[in-house]
>>> print(open('my_file24.pdb').read())   # PDB, C-alpha atoms, pLDDT in the B column
ATOM      1  CA  MET A   5       0.000   0.000   0.000  1.00 86.00           C
ATOM      2  CA  VAL A   6       2.902   2.358   0.681  1.00 93.00           C
ATOM      3  CA  ILE A   7       4.363   1.768  -2.765  1.00 93.00           C
ATOM      4  CA  GLU A   8       1.030   2.533  -4.419  1.00 94.00           C
ATOM      5  CA  LEU A   9       0.810   5.787  -2.473  1.00 95.00           C
ATOM      6  CA  LEU A  10       4.334   6.728  -3.535  1.00 95.00           C
ATOM      7  CA  MET A  11       3.444   5.970  -7.133  1.00 96.00           C
ATOM      8  CA  VAL A  12       0.353   8.192  -6.949  1.00 96.00           C
ATOM      9  CA  VAL A  13       2.408  10.998  -5.390  1.00 96.00           C
ATOM     10  CA  GLY A  14       5.091  10.594  -8.067  1.00 95.00           C
ATOM     11  CA  VAL A  15       2.568  10.842 -10.878  1.00 96.00           C
ATOM     12  CA  VAL A  16       0.841  13.849  -9.310  1.00 96.00           C
ATOM     13  CA  LEU A  17       4.077  15.725  -8.542  1.00 96.00           C
ATOM     14  CA  VAL A  18       6.075  14.955 -11.696  1.00 95.00           C
ATOM     15  CA  ALA A  19       3.932  13.697 -14.564  1.00 94.00           C
ATOM     16  CA  LEU A  20       0.884  15.941 -14.281  1.00 94.00           C
ATOM     17  CA  PRO A  21       2.874  19.218 -14.077  1.00 93.00           C
ATOM     18  CA  ALA A  22       4.936  18.034 -17.062  1.00 93.00           C
ATOM     19  CA  LEU A  23       1.713  17.348 -18.942  1.00 93.00           C
ATOM     20  CA  VAL A  24       0.342  20.811 -18.176  1.00 93.00           C
ATOM     21  CA  HIS A  25       3.616  22.563 -19.008  1.00 91.00           C
ATOM     22  CA  GLY A  26       4.043  20.578 -22.207  1.00 90.00           C
ATOM     23  CA  ALA A  27       0.484  21.264 -23.340  1.00 90.00           C
ATOM     24  CA  SER A  28       0.838  24.978 -22.701  1.00 89.00           C
ATOM     25  CA  ARG A  29       3.984  25.170 -24.849  1.00 84.00           C
ATOM     26  CA  LEU A  30       2.911  22.773 -27.582  1.00 82.00           C
ATOM     27  CA  LEU A  31       3.126  25.299 -30.422  1.00 79.00           C
ATOM     28  CA  HIS A  32       6.066  27.265 -29.028  1.00 75.00           C
ATOM     29  CA  ARG A  33       8.828  27.968 -31.498  1.00 69.00           C
ATOM     30  CA  SER A  34      12.490  27.848 -30.607  1.00 64.00           C
ATOM     31  CA  GLY A  35      13.347  31.135 -32.302  1.00 62.00           C
ATOM     32  CA  ARG A  36      15.385  29.545 -35.061  1.00 63.00           C
ATOM     33  CA  ALA A  37      14.050  30.208 -38.532  1.00 62.00           C
ATOM     34  CA  SER A  38      14.999  28.789 -41.867  1.00 63.00           C
ATOM     35  CA  THR A  39      15.353  30.889 -44.966  1.00 69.00           C
ATOM     36  CA  ASP A  40      13.074  28.477 -46.774  1.00 73.00           C
ATOM     37  CA  GLN A  41       9.456  28.852 -45.652  1.00 76.00           C
ATOM     38  CA  ARG A  42       8.511  25.337 -46.740  1.00 78.00           C
ATOM     39  CA  ALA A  43      11.316  23.790 -44.688  1.00 75.00           C
ATOM     40  CA  ASP A  44      10.334  25.959 -41.737  1.00 76.00           C
ATOM     41  CA  ARG A  45       6.735  24.703 -41.901  1.00 81.00           C
ATOM     42  CA  VAL A  46       7.814  21.080 -42.251  1.00 84.00           C
ATOM     43  CA  GLU A  47      10.095  21.453 -39.231  1.00 83.00           C
ATOM     44  CA  LEU A  48       7.299  23.008 -37.171  1.00 82.00           C
ATOM     45  CA  VAL A  49       4.867  20.223 -38.122  1.00 86.00           C
ATOM     46  CA  LEU A  50       7.380  17.530 -37.171  1.00 87.00           C
ATOM     47  CA  VAL A  51       8.219  19.179 -33.842  1.00 84.00           C
ATOM     48  CA  VAL A  52       4.549  19.674 -32.938  1.00 86.00           C
ATOM     49  CA  LEU A  53       3.699  16.111 -33.973  1.00 92.00           C
ATOM     50  CA  GLY A  54       6.523  14.707 -31.830  1.00 89.00           C
ATOM     51  CA  ARG A  55       5.452  16.796 -28.849  1.00 89.00           C
ATOM     52  CA  LEU A  56       1.837  15.717 -29.324  1.00 92.00           C
ATOM     53  CA  VAL A  57       2.765  12.026 -29.412  1.00 94.00           C
ATOM     54  CA  GLY A  58       4.808  12.469 -26.224  1.00 92.00           C
ATOM     55  CA  LEU A  59       1.954  14.251 -24.454  1.00 94.00           C
ATOM     56  CA  VAL A  60      -0.613  11.625 -25.466  1.00 96.00           C
ATOM     57  CA  LEU A  61       1.725   8.881 -24.247  1.00 96.00           C
ATOM     58  CA  LEU A  62       2.227  10.780 -20.992  1.00 96.00           C
ATOM     59  CA  LEU A  63      -1.518  11.215 -20.530  1.00 96.00           C
ATOM     60  CA  LEU A  64      -2.278   7.544 -21.141  1.00 97.00           C
ATOM     61  CA  LEU A  65       0.488   6.267 -18.884  1.00 96.00           C
ATOM     62  CA  SER A  66      -0.506   8.662 -16.100  1.00 96.00           C
ATOM     63  CA  ALA A  67      -4.162   7.681 -16.347  1.00 97.00           C
ATOM     64  CA  VAL A  68      -3.440   3.941 -16.263  1.00 96.00           C
ATOM     65  CA  THR A  69      -1.039   4.316 -13.341  1.00 96.00           C
ATOM     66  CA  LEU A  70      -3.375   6.514 -11.301  1.00 96.00           C
ATOM     67  CA  VAL A  71      -6.465   4.360 -11.895  1.00 96.00           C
ATOM     68  CA  SER A  72      -4.588   1.147 -11.104  1.00 96.00           C
ATOM     69  CA  CYS A  73      -2.937   2.462  -7.944  1.00 96.00           C
ATOM     70  CA  ILE A  74      -6.020   4.185  -6.550  1.00 95.00           C
ATOM     71  CA  GLY A  75      -8.116   1.099  -7.325  1.00 95.00           C
ATOM     72  CA  ALA A  76      -5.579  -1.134  -5.582  1.00 95.00           C
ATOM     73  CA  ILE A  77      -5.557   1.132  -2.527  1.00 94.00           C
ATOM     74  CA  VAL A  78      -9.363   1.234  -2.304  1.00 95.00           C
ATOM     75  CA  GLN A  79      -9.899  -2.485  -2.922  1.00 94.00           C
ATOM     76  CA  ASP A  80      -6.821  -3.511  -0.910  1.00 92.00           C
ATOM     77  CA  VAL A  81      -5.454  -5.768  -3.634  1.00 94.00           C
ATOM     78  CA  PRO A  82      -1.910  -5.915  -5.060  1.00 93.00           C
ATOM     79  CA  VAL A  83      -1.215  -4.088  -8.302  1.00 94.00           C
ATOM     80  CA  HIS A  84      -0.182  -5.912 -11.420  1.00 93.00           C
ATOM     81  CA  SER A  85       3.555  -5.935 -12.076  1.00 94.00           C
ATOM     82  CA  LEU A  86       3.078  -4.107 -15.382  1.00 95.00           C
ATOM     83  CA  VAL A  87       1.869  -1.037 -13.462  1.00 96.00           C
ATOM     84  CA  TYR A  88       5.393  -0.591 -12.089  1.00 96.00           C
ATOM     85  CA  VAL A  89       6.742  -0.573 -15.637  1.00 97.00           C
ATOM     86  CA  PHE A  90       4.071   1.972 -16.637  1.00 97.00           C
ATOM     87  CA  PHE A  91       5.024   4.141 -13.671  1.00 97.00           C
ATOM     88  CA  LEU A  92       8.725   4.201 -14.536  1.00 97.00           C
ATOM     89  CA  THR A  93       7.948   4.816 -18.200  1.00 97.00           C
ATOM     90  CA  ASP A  94       5.608   7.615 -17.162  1.00 96.00           C
ATOM     91  CA  LEU A  95       8.338   9.286 -15.130  1.00 96.00           C
ATOM     92  CA  LEU A  96      10.858   8.959 -17.959  1.00 96.00           C
ATOM     93  CA  VAL A  97       8.455  10.442 -20.510  1.00 95.00           C
ATOM     94  CA  ALA A  98       7.613  13.261 -18.072  1.00 95.00           C
ATOM     95  CA  ILE A  99      11.301  14.089 -17.689  1.00 94.00           C
ATOM     96  CA  LEU A 100      11.702  13.969 -21.465  1.00 92.00           C
ATOM     97  CA  VAL A 101       8.791  16.388 -21.905  1.00 91.00           C
ATOM     98  CA  LEU A 102      10.178  18.765 -19.290  1.00 90.00           C
ATOM     99  CA  LEU A 103      13.629  18.755 -20.866  1.00 89.00           C
ATOM    100  CA  THR A 104      12.476  19.217 -24.449  1.00 84.00           C
ATOM    101  CA  VAL A 105       9.672  21.723 -24.027  1.00 82.00           C
ATOM    102  CA  GLY A 106      11.862  24.556 -22.904  1.00 68.00           C
ATOM    103  CA  ARG A 107      12.655  26.832 -20.052  1.00 64.00           C
ATOM    104  CA  LEU A 108      10.325  27.683 -17.223  1.00 56.00           C
ATOM    105  CA  VAL A 109      11.736  31.217 -16.935  1.00 60.00           C
ATOM    106  CA  ARG A 110      12.295  33.811 -19.596  1.00 65.00           C
ATOM    107  CA  ARG A 111      15.742  34.855 -20.685  1.00 65.00           C
ATOM    108  CA  PRO A 112      16.794  38.324 -19.601  1.00 68.00           C
ATOM    109  CA  ALA A 113      16.508  40.913 -22.321  1.00 69.00           C
ATOM    110  CA  ARG A 114      19.681  41.819 -24.151  1.00 70.00           C
ATOM    111  CA  ARG A 115      21.110  45.208 -23.500  1.00 69.00           C
ATOM    112  CA  ARG A 116      21.100  47.554 -26.414  1.00 70.00           C
ATOM    113  CA  GLY A 117      24.458  47.896 -28.032  1.00 68.00           C
ATOM    114  CA  THR A 118      25.904  51.324 -28.522  1.00 68.00           C
ATOM    115  CA  PRO A 119      28.772  52.191 -30.805  1.00 67.00           C
ATOM    116  CA  ALA A 120      30.501  54.105 -28.020  1.00 67.00           C
ATOM    117  CA  ARG A 121      33.231  52.420 -25.993  1.00 65.00           C
ATOM    118  CA  ARG A 122      32.515  51.774 -22.390  1.00 56.00           C
TER     119      ARG A 122
END
>>> encode(input="my_file24.pdb", output="structure tokens")
Amino acid sequence: MVIELLMVVGVVLVALPALVHGASRLLHRSGRASTDQRADRVELVLVVLGRLVGLVLLLLLSAVTLVSCIGAIVQDVPVHSLVYVFFLTDLLVAILVLLTVGRLVRRPARRRGTPARR
């Protein structure tokens, strides 16, 4: 029962914030632009499609893990061993989403350059 509680806490503290943060920055661009507009659009479509697949996988793994663990706690039965694999996969995908989506804070603005020496 303690392990199931830890799994629920892990999903709530790591996977769900990653899901929210990833969904909010789904269409965010990195700032790089190609000179070719067609290549730029293809790159954006591929990046958004990859992010969307990762978020759907994260959502499904989180849902299965939460339902299985909460059901096992309520019914007082052991969880299936595959739920542990889903939990670890869920955490790994959540970390991947957090690392690839971008920064949580904004970069400081660049100072304006002047031609005068300092």
>>> resolve_selection(input="my_file24.pdb", expression="the PyMOL selection byres ((chain A and resi 77) around 12)", output="NGL selection string")
:A and (5-12 or 70-76 or 78-83)
>>> atom_distance(input="my_file24.pdb", atom1="CA of Val68 (chain A)", atom2="CA of Gly54 (chain A)")
21.4 Å
>>> closest_residue(input="my_file24.pdb", among="A:Arg116, A:Arg55, A:Arg45, A:His84", to="Leu23 (chain A)", atoms="all atoms listed in the file")
A:Arg55
>>> residues_around(input="my_file24.pdb", residues="Val49 (chain A)", least_positions_apart="4", cutoff="12 Å", atoms="all atoms listed in the file", output="list in words")
Leu30, Leu31, His32, Arg33, Arg42, Ala43, Asp44, Arg45, Leu53, Gly54, Arg55 and Leu56 of chain A
>>> closest_residue(input="my_file24.pdb", among="A:Leu86, A:Ala67, A:Leu48, A:Leu59", to="Ile99 (chain A)", atoms="all atoms listed in the file")
A:Leu59
>>> axis_aligned_box(input="my_file24.pdb", around="region 59-65 of chain A", padding_each_side="5 Å", output="JSON")
{"center_x": 0.0, "center_y": 10.3, "center_z": -22.2, "size_x": 14.5, "size_y": 18.0, "size_z": 16.6}
>>> atom_distance(input="my_file24.pdb", atom1="CA of Leu61 (chain A)", atom2="CA of Val46 (chain A)")
22.6 Å
